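Next up, my_file-v1.cif (mmCIF, C-alpha atoms):
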data_coords
loop_
_atom_site.label_atom_id
_atom_site.label_comp_id
_atom_site.auth_asym_id
_atom_site.auth_seq_id
_atom_site.Cartn_x
_atom_site.Cartn_y
_atom_site.Cartn_z
CA MET A 1 8.65 0.28 39.43
CA GLY A 2 5.51 -1.73 39.60
CA SER A 3 2.31 -0.66 41.21
CA GLY A 4 3.78 2.38 42.95
CA VAL A 5 3.97 4.37 39.76
CA ALA A 6 0.27 4.61 39.19
CA GLY A 7 -0.16 7.73 41.26
CA LYS A 8 -3.73 8.85 41.43
CA GLY A 9 -4.87 6.46 38.74
CA THR A 10 -7.73 4.08 38.92
CA ASP A 11 -7.07 0.81 40.62
CA VAL A 12 -6.80 -2.16 38.30
CA SER A 13 -9.93 -3.70 39.73
CA ASP A 14 -11.96 -0.53 39.21
CA LEU A 15 -12.26 -0.72 35.47
CA ASP A 16 -15.61 -2.21 34.66
CA SER A 17 -15.89 -5.04 32.19
CA GLU A 18 -16.86 -2.87 29.28
CA GLU A 19 -13.87 -0.60 29.75
CA ARG A 20 -11.72 -3.61 30.26
CA VAL A 21 -12.79 -5.10 26.95
CA ARG A 22 -12.22 -1.77 25.23
CA PHE A 23 -8.71 -1.66 26.66
CA GLU A 24 -8.03 -5.15 25.40
CA GLN A 25 -9.34 -4.22 21.98
CA LEU A 26 -7.82 -0.80 21.56
CA VAL A 27 -4.62 -0.63 23.55
CA LEU A 28 -3.21 -4.11 23.99
CA PRO A 29 -2.83 -4.72 20.25
CA HIS A 30 -0.13 -2.03 20.35
CA LEU A 31 2.09 -3.89 22.78
CA ASP A 32 4.67 -4.50 20.05
CA ALA A 33 4.80 -0.80 19.30
CA ALA A 34 5.23 -0.06 23.01
CA PHE A 35 8.02 -2.56 23.39
CA ASN A 36 9.81 -1.48 20.23
CA LEU A 37 9.85 2.18 21.25
CA ALA A 38 11.06 1.33 24.75
CA ARG A 39 13.73 -0.96 23.40
CA TRP A 40 15.18 1.77 21.20
CA LEU A 41 14.92 4.50 23.80
CA LEU A 42 16.56 2.37 26.48
CA ARG A 43 18.88 0.48 24.12
CA ASN A 44 18.30 -2.70 26.02
CA ARG A 45 15.67 -5.41 25.77
CA ALA A 46 15.53 -6.35 29.43
CA ASP A 47 14.95 -2.77 30.58
CA ALA A 48 12.50 -2.31 27.73
CA GLN A 49 10.44 -5.22 28.99
CA ASP A 50 10.20 -3.73 32.47
CA VAL A 51 9.40 -0.26 31.24
CA ALA A 52 6.93 -1.38 28.58
CA GLN A 53 5.17 -3.40 31.24
CA GLU A 54 5.08 -0.45 33.59
CA ALA A 55 3.77 1.80 30.82
CA MET A 56 1.08 -0.68 29.86
CA LEU A 57 -0.12 -0.97 33.45
CA ARG A 58 -0.09 2.78 33.70
CA ALA A 59 -2.13 3.03 30.51
CA PHE A 60 -4.56 0.56 31.99
CA ARG A 61 -4.96 2.60 35.14
CA PHE A 62 -5.45 5.81 33.23
CA PHE A 63 -7.61 4.32 30.53
CA ARG A 64 -10.67 6.23 31.72
CA GLY A 65 -8.84 9.37 30.66
CA PHE A 66 -8.64 8.13 27.08
CA HIS A 67 -11.59 9.53 25.20
CA GLY A 68 -11.21 7.91 21.84
CA GLY A 69 -8.88 8.90 19.05
CA ASP A 70 -5.59 7.32 18.20
CA ALA A 71 -4.99 4.59 20.79
CA ARG A 72 -1.50 3.82 19.53
CA ALA A 73 -0.40 7.44 19.84
CA TRP A 74 -1.99 7.65 23.28
CA LEU A 75 -0.15 4.54 24.46
CA LEU A 76 3.17 5.56 22.90
CA GLN A 77 2.98 8.90 24.64
CA ILE A 78 2.77 7.07 27.96
CA VAL A 79 5.59 4.74 26.91
CA ARG A 80 7.98 7.52 25.99
CA ASN A 81 7.23 9.49 29.12
CA THR A 82 7.82 6.40 31.21
CA CYS A 83 11.07 5.78 29.33
CA PHE A 84 12.39 9.28 29.87
CA THR A 85 11.47 9.20 33.54
CA TRP A 86 13.27 5.88 33.82
CA LEU A 87 16.34 7.24 32.04
CA GLU A 88 16.47 10.28 34.32
CA LYS A 89 16.43 8.02 37.32
CA HIS A 90 18.71 5.23 36.19
CA ARG A 91 20.84 6.55 33.35
CA SER A 92 20.77 10.31 33.34
CA VAL A 93 24.05 10.27 31.45
CA ASP A 94 22.10 9.08 28.42
CA LEU A 95 20.11 12.28 28.47
CA MET A 96 23.11 14.54 28.69
CA THR A 97 23.92 14.04 25.03
CA GLU A 98 20.58 15.69 24.38
CA PHE A 99 21.02 18.94 22.54
CA ASP A 100 24.74 18.90 22.15
CA GLU A 101 24.59 19.30 18.42
CA GLU A 102 28.26 19.44 17.69
CA LEU A 103 29.03 16.54 19.89
CA HIS A 104 31.58 14.02 18.73
CA LEU A 105 30.51 11.66 16.03
CA GLN A 106 30.53 9.38 18.92
CA PRO A 107 31.61 6.07 20.02
CA SER A 108 31.08 5.00 16.49
CA MET A 109 33.38 2.24 15.68
CA SER A 110 36.98 1.45 15.81
CA PRO A 111 38.22 -0.33 12.69
CA GLU A 112 38.18 -3.61 14.62
CA SER A 113 34.62 -3.38 15.81
CA GLN A 114 33.66 -2.20 12.37
CA ALA A 115 35.08 -5.37 10.91
CA ILE A 116 33.15 -7.43 13.41
CA ALA A 117 30.03 -5.47 12.73
CA GLY A 118 30.12 -5.96 9.01
CA ASP A 119 26.50 -6.90 9.18
CA ASN A 120 24.18 -4.14 8.07
CA ARG A 121 21.67 -4.59 10.83
CA GLU A 122 24.37 -4.43 13.46
CA ARG A 123 25.85 -1.33 11.88
CA LEU A 124 22.51 0.47 11.72
CA THR A 125 21.61 -0.58 15.24
CA ARG A 126 24.80 0.93 16.58
CA ALA A 127 24.37 4.10 14.56
CA LEU A 128 20.82 4.53 15.79
CA GLU A 129 21.80 3.86 19.36
CA ASP A 130 24.50 6.49 19.09
CA LEU A 131 21.95 9.19 18.38
CA PRO A 132 20.73 11.37 21.24
CA PRO A 133 17.49 9.91 22.64
CA ARG A 134 15.18 12.63 21.26
CA PHE A 135 16.50 12.13 17.76
CA ARG A 136 16.38 8.37 18.13
CA GLU A 137 12.81 8.63 19.30
CA ILE A 138 11.45 10.49 16.28
CA LEU A 139 13.41 8.33 13.86
CA VAL A 140 12.08 5.14 15.43
CA LEU A 141 8.53 6.50 15.43
CA ARG A 142 8.81 7.54 11.80
CA GLU A 143 10.89 4.79 10.19
CA LEU A 144 10.05 1.74 12.27
CA GLU A 145 6.61 2.55 13.59
CA GLY A 146 5.43 4.39 10.48
CA CYS A 147 3.88 7.28 12.42
CA SER A 148 2.78 10.43 10.65
CA TYR A 149 4.20 13.81 11.69
CA LYS A 150 0.91 14.53 13.38
CA GLU A 151 1.14 11.36 15.43
CA ILE A 152 4.77 12.00 16.33
CA ALA A 153 3.83 15.52 17.37
CA ALA A 154 1.09 14.13 19.62
CA ILE A 155 3.30 11.44 21.11
CA THR A 156 6.24 13.70 21.85
CA SER A 157 4.20 16.82 22.66
CA THR A 158 6.06 18.95 20.14
CA PRO A 159 4.81 21.13 17.27
CA ILE A 160 4.70 19.50 13.82
CA GLY A 161 7.31 21.93 12.49
CA THR A 162 9.70 20.78 15.18
CA VAL A 163 9.05 17.18 14.23
CA MET A 164 10.07 17.90 10.65
CA SER A 165 13.25 19.78 11.54
CA GLY A 166 14.08 17.21 14.22
CA LEU A 167 13.76 14.41 11.70
CA ALA A 168 15.98 16.32 9.29
CA ARG A 169 18.68 16.71 11.92
CA ALA A 170 18.34 13.15 13.15
CA ARG A 171 18.70 11.73 9.66
CA GLN A 172 21.64 13.93 8.78
CA ARG A 173 23.39 12.84 11.92
CA LEU A 174 22.63 9.21 11.35
CA GLN A 175 23.97 9.50 7.86
CA ARG A 176 27.15 11.16 9.05
CA THR A 177 27.70 8.43 11.60
CA LEU A 178 27.23 5.81 8.95
CA THR A 179 29.38 7.37 6.30
CA GLN A 180 32.26 8.52 8.51
CA PRO A 181 32.46 5.90 11.18
CA GLY A 182 36.02 6.74 12.12
CA ALA A 183 35.57 10.51 12.20
CA PRO A 184 37.58 12.30 14.87
CA LYS A 185 35.79 13.12 18.08
CA LYS A 186 35.40 16.80 18.72
CA GLN A 187 35.12 16.47 22.44
CA GLU A 188 37.13 13.58 23.58
CA ALA A 189 35.05 11.31 25.73
CA SER A 190 33.39 14.23 27.45
CA HIS A 191 30.25 12.25 28.12
CA GLU A 192 31.63 8.97 29.00
CA LEU A 193 32.32 9.59 32.64
CA MET B 194 25.50 22.18 2.26
CA ASN B 195 24.01 25.54 1.55
CA CYS B 196 20.46 25.02 0.40
CA GLU B 197 18.22 25.63 3.36
CA LEU B 198 15.58 23.27 2.05
CA THR B 199 17.92 20.28 2.39
CA GLY B 200 17.59 20.46 6.13
CA SER B 201 13.82 20.82 6.38
CA VAL B 202 11.32 20.74 3.55
CA LEU B 203 13.16 17.90 1.83
CA HIS B 204 12.24 15.65 4.74
CA GLY B 205 8.60 16.64 4.66
CA TYR B 206 8.69 15.77 0.96
CA LEU B 207 10.45 12.47 1.59
CA ASP B 208 7.82 11.55 4.17
CA GLY B 209 4.89 12.56 2.01
CA GLU B 210 3.92 15.17 4.58
CA LEU B 211 3.84 18.27 2.38
CA ASP B 212 0.56 19.47 1.01
CA ALA B 213 0.18 19.30 -2.75
CA ALA B 214 1.19 22.89 -3.37
CA ARG B 215 4.35 22.72 -1.27
CA ALA B 216 5.28 19.36 -2.76
CA ALA B 217 4.94 20.81 -6.26
CA ASP B 218 7.06 23.81 -5.23
CA PHE B 219 9.73 21.52 -3.95
CA GLU B 220 9.70 19.42 -7.11
CA ARG B 221 10.21 22.59 -9.14
CA HIS B 222 13.06 23.47 -6.82
CA LEU B 223 14.66 20.05 -7.36
CA VAL B 224 15.06 20.82 -11.06
CA SER B 225 17.51 23.55 -10.26
CA CYS B 226 19.13 22.28 -7.06
CA PRO B 227 21.57 19.40 -7.48
CA GLU B 228 22.32 19.56 -3.77
CA CYS B 229 18.75 18.69 -2.86
CA VAL B 230 18.65 15.97 -5.51
CA ARG B 231 21.75 14.37 -4.02
CA ALA B 232 20.45 14.73 -0.49
CA LEU B 233 17.11 13.25 -1.44
CA GLU B 234 18.79 10.25 -3.03
CA ALA B 235 20.99 9.77 0.00
CA GLN B 236 18.00 9.99 2.32
CA GLU B 237 16.02 7.53 0.25
CA SER B 238 18.84 5.07 0.38
CA LEU B 239 19.24 5.58 4.13
CA ARG B 240 15.55 4.92 4.54
CA SER B 241 15.62 1.75 2.50
CA SER B 242 18.55 0.38 4.46
CA LEU B 243 16.77 1.20 7.73
CA GLN B 244 13.69 -0.56 6.49
CA GLY B 245 15.57 -3.48 5.06
CA ALA B 246 17.46 -4.15 8.27
CA ALA B 247 14.59 -5.63 10.28
CA LEU B 248 15.18 -3.32 13.21
CA TYR B 249 11.66 -3.53 14.59
CA GLU B 250 11.63 -5.55 17.79
CA ARG B 251 8.40 -7.19 18.83
CA ALA B 252 7.34 -7.74 22.41
CA PRO B 253 8.63 -11.06 23.76
CA SER B 254 6.03 -13.56 24.85
CA SER B 255 7.31 -13.35 28.43
CA LEU B 256 6.10 -9.73 28.49
CA ARG B 257 2.65 -10.77 27.28
CA GLU B 258 2.55 -13.40 29.98
CA LYS B 259 3.58 -10.97 32.70
CA LEU B 260 0.93 -8.48 31.66
CA ARG B 261 -1.66 -11.16 31.72
CA THR B 262 -0.68 -11.99 35.24
CA GLU B 263 -0.70 -8.34 36.30
CA LEU B 264 -3.99 -7.46 34.66
CA GLY B 265 -5.76 -10.56 35.87
CA PRO B 266 -7.95 -12.85 33.82
CA PRO B 267 -9.80 -11.35 30.86
CA ARG B 268 -13.41 -10.48 31.50
CA LEU B 269 -15.16 -12.10 28.61
CA ALA B 270 -16.31 -15.71 28.44
CA VAL B 271 -14.04 -17.83 26.30
CA PRO B 272 -15.60 -19.20 23.13
CA THR B 273 -14.66 -22.88 22.95
CA ALA B 274 -13.25 -22.83 19.44
CA ALA B 275 -10.84 -20.09 20.33
CA VAL B 276 -9.41 -21.73 23.44
CA LEU B 277 -7.34 -23.89 21.19
CA ARG B 278 -5.31 -20.91 20.04
CA PRO B 279 -2.43 -20.44 22.41
CA THR B 280 -1.75 -16.74 21.82
CA PRO B 281 -2.97 -14.89 24.90
CA TRP B 282 -4.85 -11.91 23.48
CA ARG B 283 -6.20 -13.54 20.38
CA TRP B 284 -9.27 -15.05 21.93
CA LEU B 285 -10.20 -11.80 23.60
CA ALA B 286 -10.44 -10.18 20.24
CA ILE B 287 -12.48 -13.07 18.93
CA ALA B 288 -14.77 -12.94 21.94
CA ALA B 289 -15.24 -9.23 21.42
CA ALA B 290 -15.94 -9.75 17.74
CA LEU B 291 -18.50 -12.43 18.53
CA LEU B 292 -20.15 -10.14 21.01
CA LEU B 293 -20.27 -7.39 18.41
CA ALA B 294 -21.69 -9.81 15.89
CA ALA B 295 -24.28 -11.00 18.40
CA LEU B 296 -25.32 -7.45 19.19
CA ALA B 297 -25.71 -6.62 15.53
CA GLY B 298 -27.05 -10.08 14.71
CA TRP B 299 -30.75 -9.41 14.80
CA ARG B 300 -30.51 -7.23 11.77
CA LEU B 301 -27.59 -8.79 9.96
CA LEU B 302 -28.86 -11.15 7.30
CA PRO B 303 -27.46 -11.01 3.80
CA GLY B 304 -24.83 -8.33 3.60
CA VAL B 305 -22.19 -6.77 5.73
CA ARG B 306 -23.00 -3.19 4.93
CA ASN B 307 -26.78 -3.19 5.14
CA SER B 308 -26.94 -2.28 8.78
CA GLY B 309 -25.45 0.49 10.81
CA SER B 310 -23.49 3.43 9.63
CA GLU B 311 -20.37 3.67 7.55
CA THR B 312 -18.50 4.55 10.72
CA GLN B 313 -19.50 1.34 12.46
CA LEU B 314 -18.45 -0.72 9.47
CA ALA B 315 -15.15 1.13 9.35
CA ALA B 316 -14.67 0.47 13.06
CA ALA B 317 -15.30 -3.24 12.56
CA ILE B 318 -12.85 -3.36 9.66
CA VAL B 319 -10.18 -1.46 11.56
CA ASP B 320 -10.64 -3.83 14.50
CA ALA B 321 -10.20 -6.79 12.17
CA HIS B 322 -7.10 -5.11 10.74
CA LEU B 323 -5.65 -4.66 14.24
CA ARG B 324 -6.38 -8.27 15.13
CA SER B 325 -4.62 -9.42 11.99
CA LEU B 326 -1.46 -7.63 13.08
CA GLN B 327 -1.15 -9.83 16.15
CA PRO B 328 1.71 -12.26 15.60
CA GLY B 329 0.66 -15.25 13.56
CA HIS B 330 -2.76 -13.97 12.57
CA LEU B 331 -2.09 -12.19 9.35
CA GLU B 332 -2.30 -14.95 6.80
CA ASP B 333 -3.83 -18.39 6.55
CA VAL B 334 -2.17 -18.91 3.19
CA VAL B 335 1.24 -17.32 2.79
CA SER B 336 2.16 -16.85 -0.82
CA THR B 337 3.13 -14.09 -3.16
CA ASP B 338 1.64 -16.04 -6.04
CA GLN B 339 -1.93 -15.12 -6.93
CA HIS B 340 -2.34 -18.56 -8.51
CA THR B 341 -1.71 -20.13 -5.13
CA VAL B 342 -3.78 -17.71 -3.11
CA LYS B 343 -6.86 -17.74 -5.32
CA PRO B 344 -7.47 -21.53 -5.29
CA TRP B 345 -6.91 -21.54 -1.55
CA PHE B 346 -10.22 -19.71 -1.11
CA ASP B 347 -12.09 -22.37 -3.12
CA GLY B 348 -14.68 -24.15 -1.05
CA LYS B 349 -14.07 -21.92 1.94
CA LEU B 350 -16.39 -19.14 0.82
CA ASP B 351 -19.64 -18.85 -1.08
CA PHE B 352 -18.02 -16.43 -3.51
CA ALA B 353 -14.75 -16.21 -5.43
CA PRO B 354 -12.74 -13.14 -4.45
CA PRO B 355 -10.65 -11.46 -7.15
CA VAL B 356 -6.98 -12.17 -6.33
CA ARG B 357 -4.32 -10.10 -8.04
CA ASP B 358 -0.71 -9.35 -7.32
CA PHE B 359 0.49 -5.77 -7.83
CA VAL B 360 4.16 -6.35 -7.17
CA ASP B 361 5.26 -4.26 -10.15
CA GLN B 362 3.19 -1.34 -8.89
CA GLY B 363 4.65 -1.52 -5.39
CA PHE B 364 1.99 -3.63 -3.69
CA PRO B 365 3.37 -7.17 -3.54
CA LEU B 366 0.81 -9.76 -2.52
CA GLN B 367 1.71 -11.44 0.77
CA GLY B 368 -1.07 -13.95 1.20
CA GLY B 369 -4.68 -14.28 2.23
CA ARG B 370 -6.94 -15.42 5.03
CA LEU B 371 -10.53 -15.74 6.08
CA ASP B 372 -11.93 -13.26 8.55
CA VAL B 373 -15.28 -12.42 10.04
CA VAL B 374 -16.69 -8.92 9.74
CA ARG B 375 -20.02 -8.29 11.39
CA GLY B 376 -20.93 -11.94 11.31
CA ARG B 377 -20.10 -12.45 7.64
CA THR B 378 -17.15 -14.58 6.58
CA VAL B 379 -15.06 -12.51 4.23
CA ALA B 380 -11.90 -12.97 2.19
CA VAL B 381 -8.86 -10.91 3.06
CA LEU B 382 -5.88 -10.28 0.84
CA VAL B 383 -2.70 -9.00 2.41
CA TYR B 384 -0.42 -6.67 0.50
CA ALA B 385 2.82 -5.04 1.51
CA ARG B 386 3.43 -1.38 0.90
CA ARG B 387 7.02 -0.53 1.72
CA LYS B 388 7.27 -1.74 5.31
CA HIS B 389 3.55 -1.47 5.94
CA LEU B 390 0.78 -3.99 5.49
CA VAL B 391 -2.51 -3.44 3.76
CA ASN B 392 -5.50 -5.69 4.41
CA VAL B 393 -8.10 -5.79 1.66
CA PHE B 394 -11.42 -7.22 2.88
CA ILE B 395 -13.67 -8.62 0.18
CA TRP B 396 -17.29 -9.76 0.18
CA PRO B 397 -20.17 -9.80 -2.30
CA ALA B 398 -21.58 -6.32 -2.87
CA ALA B 399 -25.18 -5.43 -2.24
CA GLU B 400 -25.13 -2.75 -4.92
CA SER B 401 -23.50 -2.38 -8.29
CA ASP B 402 -20.20 -0.55 -8.76
CA SER B 403 -19.91 2.48 -6.55
CA HIS B 404 -17.55 5.35 -6.17
CA PRO B 405 -14.83 4.86 -3.62
CA SER B 406 -15.29 6.33 -0.19
CA SER B 407 -12.58 6.73 2.40
CA GLY B 408 -11.86 7.81 5.92
CA SER B 409 -9.76 7.06 8.94
CA GLN B 410 -10.22 5.51 12.37
CA LEU B 411 -7.75 5.24 15.24
CA GLY B 412 -5.04 6.47 12.94
CA TYR B 413 -5.70 3.85 10.28
CA ASN B 414 -6.88 4.84 6.84
CA TRP B 415 -9.42 2.99 4.77
CA VAL B 416 -10.83 3.13 1.27
CA SER B 417 -13.85 1.15 0.15
CA TRP B 418 -15.24 0.57 -3.30
CA SER B 419 -17.16 -2.03 -5.24
CA ARG B 420 -16.32 -3.68 -8.48
CA ASN B 421 -17.82 -6.56 -10.46
CA GLY B 422 -20.25 -7.50 -7.73
CA MET B 423 -17.63 -7.45 -4.99
CA GLU B 424 -17.20 -4.95 -2.25
CA LEU B 425 -13.58 -4.20 -1.34
CA TYR B 426 -12.33 -2.48 1.75
CA ALA B 427 -8.65 -1.63 2.04
CA VAL B 428 -7.26 -0.62 5.43
CA SER B 429 -3.75 0.20 6.56
CA ASP B 430 -1.55 2.70 8.30
CA VAL B 431 -0.14 3.79 4.95
CA ASN B 432 -1.21 7.21 3.76
CA PRO B 433 -4.54 7.68 1.99
CA ALA B 434 -2.84 8.31 -1.37
CA ASP B 435 -1.27 4.85 -1.31
CA LEU B 436 -4.60 3.25 -0.57
CA SER B 437 -6.26 5.17 -3.39
CA GLU B 438 -3.54 3.93 -5.70
CA LEU B 439 -4.28 0.34 -4.74
CA GLN B 440 -7.95 1.02 -5.34
CA ARG B 441 -7.18 2.42 -8.81
CA LEU B 442 -5.02 -0.59 -9.65
CA SER B 443 -7.80 -2.97 -8.73
CA MET B 444 -10.18 -1.15 -11.07
CA GLU B 445 -7.89 -1.53 -14.07
#
Could I get this file's structure written as structure tokens?
Amino acid sequence: MGSGVAGKGTDVSDLDSEERVRFEQLVLPHLDAAFNLARWLLRNRADAQDVAQEAMLRAFRFFRGFHGGDARAWLLQIVRNTCFTWLEKHRSVDLMTEFDEELHLQPSMSPESQAIAGDNRERLTRALEDLPPRFREILVLRELEGCSYKEIAAITSTPIGTVMSGLARARQRLQRTLTQPGAPKKQEASHEL
Amino acid sequence: MNCELTGSVLHGYLDGELDAARAADFERHLVSCPECVRALEAQESLRSSLQGAALYERAPSSLREKLRTELGPPRLAVPTAAVLRPTPWRWLAIAAALLLAALAGWRLLPGVRNSGSETQLAAAIVDAHLRSLQPGHLEDVVSTDQHTVKPWFDGKLDFAPPVRDFVDQGFPLQGGRLDVVRGRTVAVLVYARRKHLVNVFIWPAAESDSHPSSGSQLGYNWVSWSRNGMELYAVSDVNPADLSELQRLSME
């Protein structure tokens, strides 16, 4: 991580003052959004800090390529790409749950952990984190970040129709996880190894 | 589950993303489809528990610090008054706003709107909205009581902004603050709309009551109108229909 990721981008020192001020005005205010998305995609605050930082530096280096428009969507696109690259490299097992629709209503909760996690926030956090990353991503963008379908489509590079059906599936799954926490697993622990 | 709409259009409807014709079609469909009615209720309740659970996680200050180190010192001169504020990016925004004000200054004078285009004004308002979303910058007076917020402005402005709470209509008042838009000190009321925030900027109007105009910038929507000698400018990431509703409420 760090400076190596910038590829062919502009060097930090190359941005002139005017661009620099524009970056500080347009992009930096969305640091919370960047961190929040990374935190939910990576399911971990420490990793999210590293990756959000990397994404922000990357955004800074590529800022010349931003020609106006929705700065938040532009930044979040970089954040999610950085997150998925990071997951591929460090936790590819996370990505394997991807399109396995009929997958177990996973780790969910044993009765014991359910008792411990009586708290609503805890329960929802776990349920969200149990979703495959692509579903988690659109739900977080929609419900926590308040993005429109158009923005989600731009951030995730998918058609708007796919955003809508993806949200439908993500919500149905989330609801199932929440309402049947002890449901039997269809594929015993197939993804845990 | 058999109704095919449950798994698709229902969500577009829930998110306010259907156009008027499709939304009306779906509402007609709801009359005869108990399955969709149930699913819609369930989804609404799922949404409200997601929103009520405070799941949003803001960037820790250590991350802000690290970025500051990585990006090097900001390029603009630091205005002395702002140095006192500890939050790292705050003074950059202020410096930029001052610069903007200075650039526009030679033709500023009485009003906020008299110079430049609608687009520039909208850009300034959206910038102010973004600044307000930085932690700790949203409100100077935090209160859901209009009788607390209104007197707070006394003596701080050369006009008395209209302060009303619309909690029963889904726009609970959150507080108020002073802000500067194009060199003019203005009043700002903060309302909540579901999990979103709406800033309403208020200053004395140059003209009498006008029809509302609206638009969007950087993904934020705005509606502006004037009423009883005041110009109001609402900006938020909520959808335009919500903003128009707030505008209508304020005209009542």
Residue IDs satisfying the PyMOL selection byres ((chain B) within 8 of (chain A)), as a short mmCIF file (atom, residue, chain, number, x, y, z; two decimals) with C-alpha atoms, keeping the file's coordinate frame:
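After the write, result_30.cif holds the following:
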data_model
loop_
_atom_site.label_atom_id
_atom_site.label_comp_id
_atom_site.auth_asym_id
_atom_site.auth_seq_id
_atom_site.Cartn_x
_atom_site.Cartn_y
_atom_site.Cartn_z
CA GLY B 200 17.59 20.46 6.13
CA SER B 201 13.82 20.82 6.38
CA VAL B 202 11.32 20.74 3.55
CA HIS B 204 12.24 15.65 4.74
CA GLY B 205 8.60 16.64 4.66
CA GLU B 210 3.92 15.17 4.58
CA GLN B 236 18.00 9.99 2.32
CA LEU B 239 19.24 5.58 4.13
CA ARG B 240 15.55 4.92 4.54
CA LEU B 243 16.77 1.20 7.73
CA GLN B 244 13.69 -0.56 6.49
CA ALA B 246 17.46 -4.15 8.27
CA ALA B 247 14.59 -5.63 10.28
CA LEU B 248 15.18 -3.32 13.21
CA TYR B 249 11.66 -3.53 14.59
CA GLU B 250 11.63 -5.55 17.79
CA ARG B 251 8.40 -7.19 18.83
CA ALA B 252 7.34 -7.74 22.41
CA LEU B 256 6.10 -9.73 28.49
CA LYS B 259 3.58 -10.97 32.70
CA LEU B 260 0.93 -8.48 31.66
CA GLU B 263 -0.70 -8.34 36.30
CA LEU B 264 -3.99 -7.46 34.66
CA PRO B 267 -9.80 -11.35 30.86
CA ARG B 268 -13.41 -10.48 31.50
CA LEU B 269 -15.16 -12.10 28.61
CA TRP B 282 -4.85 -11.91 23.48
CA LEU B 285 -10.20 -11.80 23.60
CA ALA B 286 -10.44 -10.18 20.24
CA ALA B 289 -15.24 -9.23 21.42
CA ASP B 320 -10.64 -3.83 14.50
CA LEU B 323 -5.65 -4.66 14.24
CA ARG B 324 -6.38 -8.27 15.13
CA LEU B 326 -1.46 -7.63 13.08
CA GLN B 327 -1.15 -9.83 16.15
CA HIS B 389 3.55 -1.47 5.94
CA GLN B 410 -10.22 5.51 12.37
CA LEU B 411 -7.75 5.24 15.24
CA GLY B 412 -5.04 6.47 12.94
CA ASP B 430 -1.55 2.70 8.30
CA VAL B 431 -0.14 3.79 4.95
#
- Query: For this file, the PyMOL selection byres ((chain B and resi 437) around 10) selects which residues, as a PyMOL selection string?
  - Reply: chain B and resi 405-407+415-417+427+432-436+438-443
Put those residues in a file: C-alpha atoms, as a PDB file, in the coordinates of the input.
ATOM      1  CA  PRO B 405     -14.830   4.860  -3.620  1.00  0.00           C
ATOM      2  CA  SER B 406     -15.290   6.330  -0.190  1.00  0.00           C
ATOM      3  CA  SER B 407     -12.580   6.730   2.400  1.00  0.00           C
ATOM      4  CA  TRP B 415      -9.420   2.990   4.770  1.00  0.00           C
ATOM      5  CA  VAL B 416     -10.830   3.130   1.270  1.00  0.00           C
ATOM      6  CA  SER B 417     -13.850   1.150   0.150  1.00  0.00           C
ATOM      7  CA  ALA B 427      -8.650  -1.630   2.040  1.00  0.00           C
ATOM      8  CA  ASN B 432      -1.210   7.210   3.760  1.00  0.00           C
ATOM      9  CA  PRO B 433      -4.540   7.680   1.990  1.00  0.00           C
ATOM     10  CA  ALA B 434      -2.840   8.310  -1.370  1.00  0.00           C
ATOM     11  CA  ASP B 435      -1.270   4.850  -1.310  1.00  0.00           C
ATOM     12  CA  LEU B 436      -4.600   3.250  -0.570  1.00  0.00           C
ATOM     13  CA  GLU B 438      -3.540   3.930  -5.700  1.00  0.00           C
ATOM     14  CA  LEU B 439      -4.280   0.340  -4.740  1.00  0.00           C
ATOM     15  CA  GLN B 440      -7.950   1.020  -5.340  1.00  0.00           C
ATOM     16  CA  ARG B 441      -7.180   2.420  -8.810  1.00  0.00           C
ATOM     17  CA  LEU B 442      -5.020  -0.590  -9.650  1.00  0.00           C
ATOM     18  CA  SER B 443      -7.800  -2.970  -8.730  1.00  0.00           C
TER      19      SER B 443
END
- To one decimal place, how far is atom CA of A:Phe23 from atom CA of A:His67 in Å?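 We find that atom CA of A:Phe23 and atom CA of A:His67 lie 11.6 Å from each other.
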